[in-house]
Amino acid sequence: MVRVRASLSQLPAYVPGRKLPGAVVLASNESPHGLLPGVAATLAEAAGGVSRYPDLHAASLVEALAEHHGVDPDRIAVGAGSSEVCGQLLHTVVGPGDEVVFGWRSFEAYPILTSVAGGTAVPVPLREHALDLDAMAAAITSRTRLVFVCNPNNPTSTAVGARALTDFADRVPEDVLIVVDEAYREYADPERVPDGLALLGDRPNVAVLRTFSKAYGLAGLRVGHCVAPPGIAAHVRRTQVPFSVSALAQRAAVVALGEKAEVARRAALTVAERDRVTGRLRELGHEVPDSESNFVWLALGAASGDFALHCADGKVMVRPFLGEGVRVTIGLPEENDALLALAASWRG
């Protein structure tokens with residue numbers, strides 16, 4: 001009998017947001033605005049070429065990303081969504097027994113991908129729904145090889161500021177890779193939440209993650225990337241699954257980068273709705289931290305599952321984290337109104 005890795009039996013499963021036919025889906029942090037105009041036209045034009053393999057090196061996309069960030073192309077590595085790039089970074093620096101530190105709760109894939117890489121996950125409890133950077137720094141040992149800093153943090157929506165992030169980076173040993181995961185960067189207030197690349201990008205042990213799945217509306221095509229020191233980026237490229245970023249995804253991402261004004265306009269619409277939803281939920285008595293993302297966090301604790309079931313009965317799907325809270329993606333105004341009506345009728 002073929003023997004599989006014993007550790008896989010302990011691997012936690014990634015739990016996606018539920019989708020139900022006919023229901024409003026506010027569970028997966030997707031953009032509610034559909035494809036960007038230029039992307040829709042590009043996909044129709046490029047679809048006929050999918051019988052061929054994509055560019056293995058995604059050269060056009062890498063060049064566009066380098067120009068977008070104002071860095072050399074050798075600092076860019078891409079993957080099928082930022083989730084794959086997380087895995088590539090882990091495989092670059094983590095071996096059996098090495099430790100990976102991250103706040104918890106944070107992005108669900110961190111402990112899964114750490115285990116797949118053979119590492120040991122070191123989750124550090126949040127403080128008031130936010131990353132406790134002091135505790136994370138204290139958790140670093142001689143076995144630590146990588147630290148994830150999800151900023152803004154998924155699923156709690158909170159973010160840490162420039163001073164706190166810089167102080168943390170100063171405390172991390174130079175042989176530990178700091179990965180600043182900025183999947184929700186476009187929704188954050190730049191006055192309160194630093195651009196990790198601008199703040200820390202010149203450090204030899206920092207990689208910054210971005211994705212096209214949120215504000216750029218390409219969740220179904222899977223494109224993510226990191227900006228890292230050239231030596232790190234080169235190894236991240238080596239760990240990518242060959243051809244994982246499809247030709248359609250590469251073309252769409254390049255076009256999406258060129259639609260900065262429309263991306264910013266849509267993000268502003270989401271931020272305005274986020275603030276409206278936050279205000280109303282607080283009026284209803286819910287504890288809702290200040291959000292810097294395209295979702296809000298209801299700190300419902302033990303009542304999280306019941307609230308999610310109540311919403312599902314009303315044809316609105318949200319994302320519960322049992323015993324902790326509920327993450328609600330910001331949708332279109334009418335979708336958010338449906339959620340708020342259910343929140344008002346809930347008797348938890």
# chains A, B, ... in the order shown; residues from 1 in each chain; ligands from 1
>>> select_by_dssp(residues="stretch 101-322 of chain A", states="strand (DSSP E)", output="PyMOL selection string")
chain A and resi 101-104+120-125+144-150+177-181+206-211+224-227+295-298+316-317+319-321
>>> closest_atom_pairs(of="stretch 252-283 of chain A", to="stretch 289-292 of chain A", cutoff="12 Å", atoms="only C-alpha atoms", output="Markdown table")
| residue | atom | partner | partner_atom | distance |
| --- | --- | --- | --- | --- |
| A:Ala267 | CA | A:Glu292 | CA | 11.3 |
| A:Ala268 | CA | A:Glu292 | CA | 11.7 |
| A:Thr270 | CA | A:Glu292 | CA | 10.8 |
| A:Val271 | CA | A:Glu292 | CA | 8.3 |
| A:Ala272 | CA | A:Ser291 | CA | 11.4 |
| A:Glu273 | CA | A:Ser291 | CA | 11.5 |
| A:Arg274 | CA | A:Ser291 | CA | 7.8 |
| A:Asp275 | CA | A:Ser291 | CA | 8.2 |
| A:Arg276 | CA | A:Ser291 | CA | 11.5 |
| A:Val277 | CA | A:Ser291 | CA | 10.7 |
| A:Thr278 | CA | A:Asp290 | CA | 7.9 |
| A:Gly279 | CA | A:Asp290 | CA | 10.0 |
| A:Leu281 | CA | A:Pro289 | CA | 10.7 |
| A:Arg282 | CA | A:Pro289 | CA | 9.6 |
>>> write_last_selection(atoms="C-alpha atoms", output="short mmCIF file (atom, residue, chain, number, x, y, z; two decimals), in the first residue's frame")
data_model
loop_
_atom_site.label_atom_id
_atom_site.label_comp_id
_atom_site.auth_asym_id
_atom_site.auth_seq_id
_atom_site.Cartn_x
_atom_site.Cartn_y
_atom_site.Cartn_z
CA ALA A 267 -12.86 50.99 -4.55
CA ALA A 268 -14.21 54.35 -3.37
CA THR A 270 -17.04 50.08 -1.79
CA VAL A 271 -15.42 52.18 0.94
CA ALA A 272 -18.46 54.48 1.09
CA GLU A 273 -20.77 51.48 1.40
CA ARG A 274 -18.47 49.91 3.98
CA ASP A 275 -18.70 53.00 6.15
CA ARG A 276 -22.49 53.11 5.78
CA VAL A 277 -22.84 49.43 6.71
CA THR A 278 -20.47 49.83 9.66
CA GLY A 279 -22.45 52.77 11.01
CA LEU A 281 -24.48 47.77 12.33
CA ARG A 282 -23.15 49.79 15.25
#
>>> closest_residue(among="A:Leu309, A:Leu269, A:Val236, A:Ala343", to="A:Ile330", atoms="only C-alpha atoms")
A:Leu269
>>> select_by_dssp(residues="stretch 1-97 of chain A", states="alpha helix (DSSP H)", output="PDB file with all heavy atoms, in the first residue's frame")
ATOM      1  N   PRO A  37     -14.049  47.332 -17.772  1.00  0.00           N
ATOM      2  CA  PRO A  37     -14.454  47.395 -19.184  1.00  0.00           C
ATOM      3  C   PRO A  37     -13.400  46.873 -20.156  1.00  0.00           C
ATOM      4  O   PRO A  37     -13.695  46.079 -21.048  1.00  0.00           O
ATOM      5  CB  PRO A  37     -14.741  48.883 -19.401  1.00  0.00           C
ATOM      6  CG  PRO A  37     -15.107  49.400 -18.050  1.00  0.00           C
ATOM      7  CD  PRO A  37     -14.269  48.615 -17.078  1.00  0.00           C
ATOM      8  N   GLY A  38     -12.166  47.303 -19.980  1.00  0.00           N
ATOM      9  CA  GLY A  38     -11.119  46.860 -20.885  1.00  0.00           C
ATOM     10  C   GLY A  38     -10.832  45.379 -20.758  1.00  0.00           C
ATOM     11  O   GLY A  38     -10.472  44.713 -21.741  1.00  0.00           O
ATOM     12  N   VAL A  39     -10.994  44.840 -19.556  1.00  0.00           N
ATOM     13  CA  VAL A  39     -10.742  43.414 -19.334  1.00  0.00           C
ATOM     14  C   VAL A  39     -11.778  42.581 -20.063  1.00  0.00           C
ATOM     15  O   VAL A  39     -11.449  41.568 -20.691  1.00  0.00           O
ATOM     16  CB  VAL A  39     -10.744  43.097 -17.828  1.00  0.00           C
ATOM     17  CG1 VAL A  39     -10.726  41.588 -17.595  1.00  0.00           C
ATOM     18  CG2 VAL A  39      -9.553  43.754 -17.147  1.00  0.00           C
ATOM     19  N   ALA A  40     -13.025  42.978 -19.998  1.00  0.00           N
ATOM     20  CA  ALA A  40     -14.079  42.221 -20.677  1.00  0.00           C
ATOM     21  C   ALA A  40     -13.810  42.122 -22.171  1.00  0.00           C
ATOM     22  O   ALA A  40     -13.947  41.049 -22.780  1.00  0.00           O
ATOM     23  CB  ALA A  40     -15.434  42.880 -20.417  1.00  0.00           C
ATOM     24  N   ALA A  41     -13.397  43.221 -22.780  1.00  0.00           N
ATOM     25  CA  ALA A  41     -13.100  43.212 -24.216  1.00  0.00           C
ATOM     26  C   ALA A  41     -11.876  42.345 -24.512  1.00  0.00           C
ATOM     27  O   ALA A  41     -11.859  41.596 -25.508  1.00  0.00           O
ATOM     28  CB  ALA A  41     -12.873  44.640 -24.707  1.00  0.00           C
ATOM     29  N   THR A  42     -10.887  42.400 -23.651  1.00  0.00           N
ATOM     30  CA  THR A  42      -9.668  41.621 -23.854  1.00  0.00           C
ATOM     31  C   THR A  42      -9.935  40.130 -23.768  1.00  0.00           C
ATOM     32  O   THR A  42      -9.418  39.331 -24.567  1.00  0.00           O
ATOM     33  CB  THR A  42      -8.605  42.023 -22.820  1.00  0.00           C
ATOM     34  OG1 THR A  42      -8.240  43.379 -23.042  1.00  0.00           O
ATOM     35  CG2 THR A  42      -7.369  41.145 -22.923  1.00  0.00           C
ATOM     36  N   LEU A  43     -10.747  39.709 -22.819  1.00  0.00           N
ATOM     37  CA  LEU A  43     -11.033  38.285 -22.663  1.00  0.00           C
ATOM     38  C   LEU A  43     -11.762  37.728 -23.883  1.00  0.00           C
ATOM     39  O   LEU A  43     -11.485  36.610 -24.341  1.00  0.00           O
ATOM     40  CB  LEU A  43     -11.862  38.050 -21.403  1.00  0.00           C
ATOM     41  CG  LEU A  43     -11.148  38.293 -20.076  1.00  0.00           C
ATOM     42  CD1 LEU A  43     -12.082  38.030 -18.906  1.00  0.00           C
ATOM     43  CD2 LEU A  43      -9.910  37.425 -19.962  1.00  0.00           C
ATOM     44  N   ALA A  44     -12.694  38.503 -24.418  1.00  0.00           N
ATOM     45  CA  ALA A  44     -13.406  38.058 -25.611  1.00  0.00           C
ATOM     46  C   ALA A  44     -12.448  37.892 -26.782  1.00  0.00           C
ATOM     47  O   ALA A  44     -12.540  36.933 -27.560  1.00  0.00           O
ATOM     48  CB  ALA A  44     -14.506  39.063 -25.951  1.00  0.00           C
ATOM     49  N   GLU A  45     -11.492  38.798 -26.863  1.00  0.00           N
ATOM     50  CA  GLU A  45     -10.533  38.758 -27.972  1.00  0.00           C
ATOM     51  C   GLU A  45      -9.532  37.620 -27.804  1.00  0.00           C
ATOM     52  O   GLU A  45      -9.139  36.960 -28.776  1.00  0.00           O
ATOM     53  CB  GLU A  45      -9.793  40.096 -28.028  1.00  0.00           C
ATOM     54  CG  GLU A  45      -8.643  40.145 -29.020  1.00  0.00           C
ATOM     55  CD  GLU A  45      -7.801  41.401 -28.837  1.00  0.00           C
ATOM     56  OE1 GLU A  45      -8.359  42.435 -28.429  1.00  0.00           O
ATOM     57  OE2 GLU A  45      -6.595  41.330 -29.092  1.00  0.00           O
ATOM     58  N   ALA A  46      -9.110  37.360 -26.550  1.00  0.00           N
ATOM     59  CA  ALA A  46      -8.025  36.412 -26.303  1.00  0.00           C
ATOM     60  C   ALA A  46      -8.490  34.975 -26.149  1.00  0.00           C
ATOM     61  O   ALA A  46      -7.666  34.049 -26.175  1.00  0.00           O
ATOM     62  CB  ALA A  46      -7.259  36.830 -25.048  1.00  0.00           C
ATOM     63  N   ALA A  59       6.125  37.237 -19.200  1.00  0.00           N
ATOM     64  CA  ALA A  59       7.019  38.378 -19.396  1.00  0.00           C
ATOM     65  C   ALA A  59       6.271  39.702 -19.497  1.00  0.00           C
ATOM     66  O   ALA A  59       6.682  40.706 -18.883  1.00  0.00           O
ATOM     67  CB  ALA A  59       7.883  38.156 -20.640  1.00  0.00           C
ATOM     68  N   SER A  60       5.195  39.748 -20.262  1.00  0.00           N
ATOM     69  CA  SER A  60       4.458  41.010 -20.413  1.00  0.00           C
ATOM     70  C   SER A  60       3.861  41.461 -19.089  1.00  0.00           C
ATOM     71  O   SER A  60       3.885  42.655 -18.755  1.00  0.00           O
ATOM     72  CB  SER A  60       3.351  40.844 -21.459  1.00  0.00           C
ATOM     73  OG  SER A  60       3.903  40.614 -22.733  1.00  0.00           O
ATOM     74  N   LEU A  61       3.338  40.514 -18.326  1.00  0.00           N
ATOM     75  CA  LEU A  61       2.756  40.849 -17.032  1.00  0.00           C
ATOM     76  C   LEU A  61       3.841  41.317 -16.066  1.00  0.00           C
ATOM     77  O   LEU A  61       3.656  42.305 -15.346  1.00  0.00           O
ATOM     78  CB  LEU A  61       2.024  39.633 -16.460  1.00  0.00           C
ATOM     79  CG  LEU A  61       1.463  39.779 -15.046  1.00  0.00           C
ATOM     80  CD1 LEU A  61       0.515  40.968 -14.945  1.00  0.00           C
ATOM     81  CD2 LEU A  61       0.761  38.494 -14.615  1.00  0.00           C
ATOM     82  N   VAL A  62       4.965  40.632 -16.045  1.00  0.00           N
ATOM     83  CA  VAL A  62       6.057  41.025 -15.153  1.00  0.00           C
ATOM     84  C   VAL A  62       6.540  42.438 -15.489  1.00  0.00           C
ATOM     85  O   VAL A  62       6.774  43.259 -14.592  1.00  0.00           O
ATOM     86  CB  VAL A  62       7.212  40.011 -15.237  1.00  0.00           C
ATOM     87  CG1 VAL A  62       8.462  40.556 -14.554  1.00  0.00           C
ATOM     88  CG2 VAL A  62       6.798  38.687 -14.602  1.00  0.00           C
ATOM     89  N   GLU A  63       6.679  42.740 -16.767  1.00  0.00           N
ATOM     90  CA  GLU A  63       7.109  44.081 -17.176  1.00  0.00           C
ATOM     91  C   GLU A  63       6.088  45.126 -16.743  1.00  0.00           C
ATOM     92  O   GLU A  63       6.451  46.205 -16.247  1.00  0.00           O
ATOM     93  CB  GLU A  63       7.303  44.123 -18.689  1.00  0.00           C
ATOM     94  CG  GLU A  63       8.523  43.376 -19.191  1.00  0.00           C
ATOM     95  CD  GLU A  63       9.835  44.101 -18.866  1.00  0.00           C
ATOM     96  OE1 GLU A  63       9.780  45.290 -18.498  1.00  0.00           O
ATOM     97  OE2 GLU A  63      10.893  43.457 -18.968  1.00  0.00           O
ATOM     98  N   ALA A  64       4.806  44.814 -16.927  1.00  0.00           N
ATOM     99  CA  ALA A  64       3.757  45.763 -16.539  1.00  0.00           C
ATOM    100  C   ALA A  64       3.745  45.980 -15.027  1.00  0.00           C
ATOM    101  O   ALA A  64       3.563  47.111 -14.550  1.00  0.00           O
ATOM    102  CB  ALA A  64       2.397  45.259 -17.016  1.00  0.00           C
ATOM    103  N   LEU A  65       3.940  44.911 -14.262  1.00  0.00           N
ATOM    104  CA  LEU A  65       3.966  45.036 -12.807  1.00  0.00           C
ATOM    105  C   LEU A  65       5.191  45.829 -12.341  1.00  0.00           C
ATOM    106  O   LEU A  65       5.101  46.649 -11.423  1.00  0.00           O
ATOM    107  CB  LEU A  65       3.973  43.651 -12.167  1.00  0.00           C
ATOM    108  CG  LEU A  65       2.639  42.902 -12.205  1.00  0.00           C
ATOM    109  CD1 LEU A  65       2.845  41.431 -11.849  1.00  0.00           C
ATOM    110  CD2 LEU A  65       1.638  43.539 -11.253  1.00  0.00           C
ATOM    111  N   ALA A  66       6.332  45.587 -12.981  1.00  0.00           N
ATOM    112  CA  ALA A  66       7.537  46.322 -12.622  1.00  0.00           C
ATOM    113  C   ALA A  66       7.350  47.824 -12.859  1.00  0.00           C
ATOM    114  O   ALA A  66       7.729  48.657 -12.017  1.00  0.00           O
ATOM    115  CB  ALA A  66       8.725  45.797 -13.422  1.00  0.00           C
ATOM    116  N   GLU A  67       6.746  48.159 -13.980  1.00  0.00           N
ATOM    117  CA  GLU A  67       6.481  49.568 -14.274  1.00  0.00           C
ATOM    118  C   GLU A  67       5.479  50.146 -13.283  1.00  0.00           C
ATOM    119  O   GLU A  67       5.629  51.277 -12.794  1.00  0.00           O
ATOM    120  CB  GLU A  67       5.963  49.712 -15.705  1.00  0.00           C
ATOM    121  CG  GLU A  67       5.685  51.153 -16.100  1.00  0.00           C
ATOM    122  CD  GLU A  67       5.204  51.285 -17.538  1.00  0.00           C
ATOM    123  OE1 GLU A  67       5.188  50.270 -18.262  1.00  0.00           O
ATOM    124  OE2 GLU A  67       4.838  52.414 -17.928  1.00  0.00           O
ATOM    125  N   HIS A  68       4.440  49.358 -12.974  1.00  0.00           N
ATOM    126  CA  HIS A  68       3.404  49.800 -12.041  1.00  0.00           C
ATOM    127  C   HIS A  68       3.994  50.127 -10.667  1.00  0.00           C
ATOM    128  O   HIS A  68       3.613  51.126 -10.034  1.00  0.00           O
ATOM    129  CB  HIS A  68       2.338  48.697 -11.918  1.00  0.00           C
ATOM    130  CG  HIS A  68       1.240  48.993 -10.955  1.00  0.00           C
ATOM    131  ND1 HIS A  68       0.203  49.854 -11.245  1.00  0.00           N
ATOM    132  CD2 HIS A  68       1.013  48.541  -9.693  1.00  0.00           C
ATOM    133  CE1 HIS A  68      -0.619  49.923 -10.207  1.00  0.00           C
ATOM    134  NE2 HIS A  68      -0.150  49.139  -9.258  1.00  0.00           N
ATOM    135  N   HIS A  69       4.917  49.299 -10.208  1.00  0.00           N
ATOM    136  CA  HIS A  69       5.492  49.484  -8.869  1.00  0.00           C
ATOM    137  C   HIS A  69       6.769  50.318  -8.875  1.00  0.00           C
ATOM    138  O   HIS A  69       7.270  50.669  -7.798  1.00  0.00           O
ATOM    139  CB  HIS A  69       5.788  48.121  -8.239  1.00  0.00           C
ATOM    140  CG  HIS A  69       4.575  47.325  -7.878  1.00  0.00           C
ATOM    141  ND1 HIS A  69       3.628  47.770  -6.986  1.00  0.00           N
ATOM    142  CD2 HIS A  69       4.147  46.095  -8.295  1.00  0.00           C
ATOM    143  CE1 HIS A  69       2.676  46.861  -6.847  1.00  0.00           C
ATOM    144  NE2 HIS A  69       2.959  45.846  -7.638  1.00  0.00           N
ATOM    145  N   GLY A  81      -2.896  33.565  -8.200  1.00  0.00           N
ATOM    146  CA  GLY A  81      -3.455  34.185  -7.014  1.00  0.00           C
ATOM    147  C   GLY A  81      -2.390  34.355  -5.950  1.00  0.00           C
ATOM    148  O   GLY A  81      -1.353  33.681  -5.964  1.00  0.00           O
ATOM    149  N   SER A  82      -2.632  35.255  -5.002  1.00  0.00           N
ATOM    150  CA  SER A  82      -1.633  35.460  -3.956  1.00  0.00           C
ATOM    151  C   SER A  82      -1.511  34.240  -3.057  1.00  0.00           C
ATOM    152  O   SER A  82      -0.482  34.046  -2.402  1.00  0.00           O
ATOM    153  CB  SER A  82      -1.961  36.709  -3.124  1.00  0.00           C
ATOM    154  OG  SER A  82      -3.227  36.606  -2.518  1.00  0.00           O
ATOM    155  N   SER A  83      -2.531  33.371  -3.051  1.00  0.00           N
ATOM    156  CA  SER A  83      -2.428  32.134  -2.276  1.00  0.00           C
ATOM    157  C   SER A  83      -1.284  31.275  -2.781  1.00  0.00           C
ATOM    158  O   SER A  83      -0.491  30.734  -1.995  1.00  0.00           O
ATOM    159  CB  SER A  83      -3.735  31.337  -2.340  1.00  0.00           C
ATOM    160  OG  SER A  83      -4.795  32.056  -1.777  1.00  0.00           O
ATOM    161  N   GLU A  84      -1.171  31.124  -4.110  1.00  0.00           N
ATOM    162  CA  GLU A  84      -0.068  30.336  -4.643  1.00  0.00           C
ATOM    163  C   GLU A  84       1.266  31.023  -4.352  1.00  0.00           C
ATOM    164  O   GLU A  84       2.252  30.357  -4.025  1.00  0.00           O
ATOM    165  CB  GLU A  84      -0.204  30.106  -6.148  1.00  0.00           C
ATOM    166  CG  GLU A  84       0.901  29.170  -6.649  1.00  0.00           C
ATOM    167  CD  GLU A  84       0.914  28.947  -8.150  1.00  0.00           C
ATOM    168  OE1 GLU A  84       0.757  29.917  -8.918  1.00  0.00           O
ATOM    169  OE2 GLU A  84       1.116  27.785  -8.539  1.00  0.00           O
ATOM    170  N   VAL A  85       1.302  32.335  -4.453  1.00  0.00           N
ATOM    171  CA  VAL A  85       2.560  33.037  -4.181  1.00  0.00           C
ATOM    172  C   VAL A  85       2.955  32.867  -2.713  1.00  0.00           C
ATOM    173  O   VAL A  85       4.143  32.741  -2.394  1.00  0.00           O
ATOM    174  CB  VAL A  85       2.458  34.520  -4.577  1.00  0.00           C
ATOM    175  CG1 VAL A  85       3.809  35.213  -4.370  1.00  0.00           C
ATOM    176  CG2 VAL A  85       2.028  34.671  -6.032  1.00  0.00           C
ATOM    177  N   CYS A  86       1.972  32.832  -1.810  1.00  0.00           N
ATOM    178  CA  CYS A  86       2.283  32.514  -0.407  1.00  0.00           C
ATOM    179  C   CYS A  86       3.004  31.171  -0.322  1.00  0.00           C
ATOM    180  O   CYS A  86       4.012  31.024   0.376  1.00  0.00           O
ATOM    181  CB  CYS A  86       1.001  32.445   0.425  1.00  0.00           C
ATOM    182  SG  CYS A  86       0.276  34.020   0.886  1.00  0.00           S
ATOM    183  N   GLY A  87       2.457  30.175  -1.026  1.00  0.00           N
ATOM    184  CA  GLY A  87       3.081  28.862  -1.021  1.00  0.00           C
ATOM    185  C   GLY A  87       4.465  28.887  -1.627  1.00  0.00           C
ATOM    186  O   GLY A  87       5.398  28.228  -1.125  1.00  0.00           O
ATOM    187  N   GLN A  88       4.652  29.639  -2.698  1.00  0.00           N
ATOM    188  CA  GLN A  88       5.966  29.748  -3.328  1.00  0.00           C
ATOM    189  C   GLN A  88       6.981  30.359  -2.361  1.00  0.00           C
ATOM    190  O   GLN A  88       8.128  29.902  -2.276  1.00  0.00           O
ATOM    191  CB  GLN A  88       5.865  30.607  -4.595  1.00  0.00           C
ATOM    192  CG  GLN A  88       5.043  29.979  -5.716  1.00  0.00           C
ATOM    193  CD  GLN A  88       4.674  30.974  -6.804  1.00  0.00           C
ATOM    194  OE1 GLN A  88       3.520  31.182  -7.120  1.00  0.00           O
ATOM    195  NE2 GLN A  88       5.684  31.627  -7.371  1.00  0.00           N
ATOM    196  N   LEU A  89       6.573  31.385  -1.633  1.00  0.00           N
ATOM    197  CA  LEU A  89       7.465  32.011  -0.664  1.00  0.00           C
ATOM    198  C   LEU A  89       7.827  31.031   0.449  1.00  0.00           C
ATOM    199  O   LEU A  89       8.986  30.957   0.879  1.00  0.00           O
ATOM    200  CB  LEU A  89       6.799  33.256  -0.082  1.00  0.00           C
ATOM    201  CG  LEU A  89       6.732  34.462  -1.023  1.00  0.00           C
ATOM    202  CD1 LEU A  89       5.636  35.424  -0.595  1.00  0.00           C
ATOM    203  CD2 LEU A  89       8.085  35.187  -1.055  1.00  0.00           C
ATOM    204  N   LEU A  90       6.846  30.274   0.914  1.00  0.00           N
ATOM    205  CA  LEU A  90       7.114  29.286   1.958  1.00  0.00           C
ATOM    206  C   LEU A  90       8.101  28.231   1.472  1.00  0.00           C
ATOM    207  O   LEU A  90       9.058  27.880   2.173  1.00  0.00           O
ATOM    208  CB  LEU A  90       5.803  28.626   2.397  1.00  0.00           C
ATOM    209  CG  LEU A  90       4.891  29.481   3.280  1.00  0.00           C
ATOM    210  CD1 LEU A  90       3.479  28.929   3.302  1.00  0.00           C
ATOM    211  CD2 LEU A  90       5.446  29.549   4.696  1.00  0.00           C
ATOM    212  N   HIS A  91       7.890  27.717   0.267  1.00  0.00           N
ATOM    213  CA  HIS A  91       8.791  26.693  -0.262  1.00  0.00           C
ATOM    214  C   HIS A  91      10.193  27.251  -0.512  1.00  0.00           C
ATOM    215  O   HIS A  91      11.173  26.494  -0.559  1.00  0.00           O
ATOM    216  CB  HIS A  91       8.219  26.109  -1.549  1.00  0.00           C
ATOM    217  CG  HIS A  91       7.062  25.184  -1.322  1.00  0.00           C
ATOM    218  ND1 HIS A  91       7.187  23.977  -0.683  1.00  0.00           N
ATOM    219  CD2 HIS A  91       5.746  25.306  -1.639  1.00  0.00           C
ATOM    220  CE1 HIS A  91       6.010  23.382  -0.614  1.00  0.00           C
ATOM    221  NE2 HIS A  91       5.118  24.167  -1.182  1.00  0.00           N
ATOM    222  N   THR A  92      10.297  28.548  -0.645  1.00  0.00           N
ATOM    223  CA  THR A  92      11.590  29.179  -0.861  1.00  0.00           C
ATOM    224  C   THR A  92      12.451  29.166   0.390  1.00  0.00           C
ATOM    225  O   THR A  92      13.674  28.971   0.317  1.00  0.00           O
ATOM    226  CB  THR A  92      11.390  30.634  -1.352  1.00  0.00           C
ATOM    227  OG1 THR A  92      10.771  30.606  -2.644  1.00  0.00           O
ATOM    228  CG2 THR A  92      12.710  31.379  -1.457  1.00  0.00           C
ATOM    229  N   VAL A  93      11.837  29.361   1.570  1.00  0.00           N
ATOM    230  CA  VAL A  93      12.651  29.538   2.785  1.00  0.00           C
ATOM    231  C   VAL A  93      12.356  28.540   3.897  1.00  0.00           C
ATOM    232  O   VAL A  93      13.120  28.466   4.874  1.00  0.00           O
ATOM    233  CB  VAL A  93      12.483  30.976   3.345  1.00  0.00           C
ATOM    234  CG1 VAL A  93      12.943  32.010   2.336  1.00  0.00           C
ATOM    235  CG2 VAL A  93      11.047  31.250   3.775  1.00  0.00           C
TER     236      VAL A  93
END
>>> closest_residue(among="A:Asp175, A:Glu99, A:Asp313, A:Glu128", to="A:Thr114", atoms="only C-alpha atoms")
A:Glu99
>>> residues_around(residues="A:Gly314", least_positions_apart="4", cutoff="9 Å", atoms="only C-alpha atoms", output="PDB file with N, CA and C atoms, in the first residue's frame")
ATOM      1  N   ALA A  23     -29.199  33.508  -3.902  1.00  0.00           N
ATOM      2  CA  ALA A  23     -28.875  34.248  -2.691  1.00  0.00           C
ATOM      3  C   ALA A  23     -27.881  35.360  -2.976  1.00  0.00           C
ATOM      4  N   LEU A 309     -26.590  31.448   9.988  1.00  0.00           N
ATOM      5  CA  LEU A 309     -27.774  30.663   9.594  1.00  0.00           C
ATOM      6  C   LEU A 309     -28.983  31.574   9.403  1.00  0.00           C
ATOM      7  N   HIS A 310     -29.119  32.564  10.264  1.00  0.00           N
ATOM      8  CA  HIS A 310     -30.209  33.535  10.122  1.00  0.00           C
ATOM      9  C   HIS A 310     -30.099  34.268   8.786  1.00  0.00           C
ATOM     10  N   ALA A 338     -30.040  44.309   2.168  1.00  0.00           N
ATOM     11  CA  ALA A 338     -30.592  43.012   2.548  1.00  0.00           C
ATOM     12  C   ALA A 338     -29.899  42.479   3.796  1.00  0.00           C
ATOM     13  N   LEU A 339     -28.601  42.637   3.857  1.00  0.00           N
ATOM     14  CA  LEU A 339     -27.848  42.204   5.038  1.00  0.00           C
ATOM     15  C   LEU A 339     -28.258  43.009   6.268  1.00  0.00           C
ATOM     16  N   LEU A 342     -31.565  41.937   7.742  1.00  0.00           N
ATOM     17  CA  LEU A 342     -31.448  40.707   8.495  1.00  0.00           C
ATOM     18  C   LEU A 342     -30.771  40.956   9.840  1.00  0.00           C
TER      19      LEU A 342
END
>>> closest_residue(among="A:Leu126, A:Met1, A:Val78, A:Cys150", to="A:Cys226", atoms="only C-alpha atoms")
A:Val78
>>> residues_around(residues="A:Asn294", least_positions_apart="6", cutoff="12 Å", atoms="only C-alpha atoms", output="PyMOL selection string")
chain A and resi 26-32+152-158+183-189+213-215+266-275+277-278+327-332
>>> residues_around(residues="A:Leu199", least_positions_apart="2", cutoff="9 Å", atoms="only C-alpha atoms", output="ChimeraX atom specification")
/A:162,165-166,194-197,201-202
>>> residues_around(residues="A:Leu300", least_positions_apart="2", cutoff="8 Å", atoms="only C-alpha atoms", output="list in words")
His286, Glu287, Leu298, Ala302, Ala303, Ser304, Gly323, Glu324, Gly325 and Val326 of chain A
>>> residues_around(residues="A:Leu146", least_positions_apart="3", cutoff="12 Å", atoms="only C-alpha atoms", output="number ranges by chain")
A: 86-87, 89-95, 98-102, 110, 114, 117, 119-122, 136-137, 139-143, 149, 172-180, 205-207
>>> atom_distance(atom1="atom CA of A:His129", atom2="atom CA of A:Ala228")
28.2 Å
>>> closest_residue(among="A:Leu133, A:Pro190, A:Arg3, A:Leu113", to="A:Phe168", atoms="only C-alpha atoms")
A:Leu133
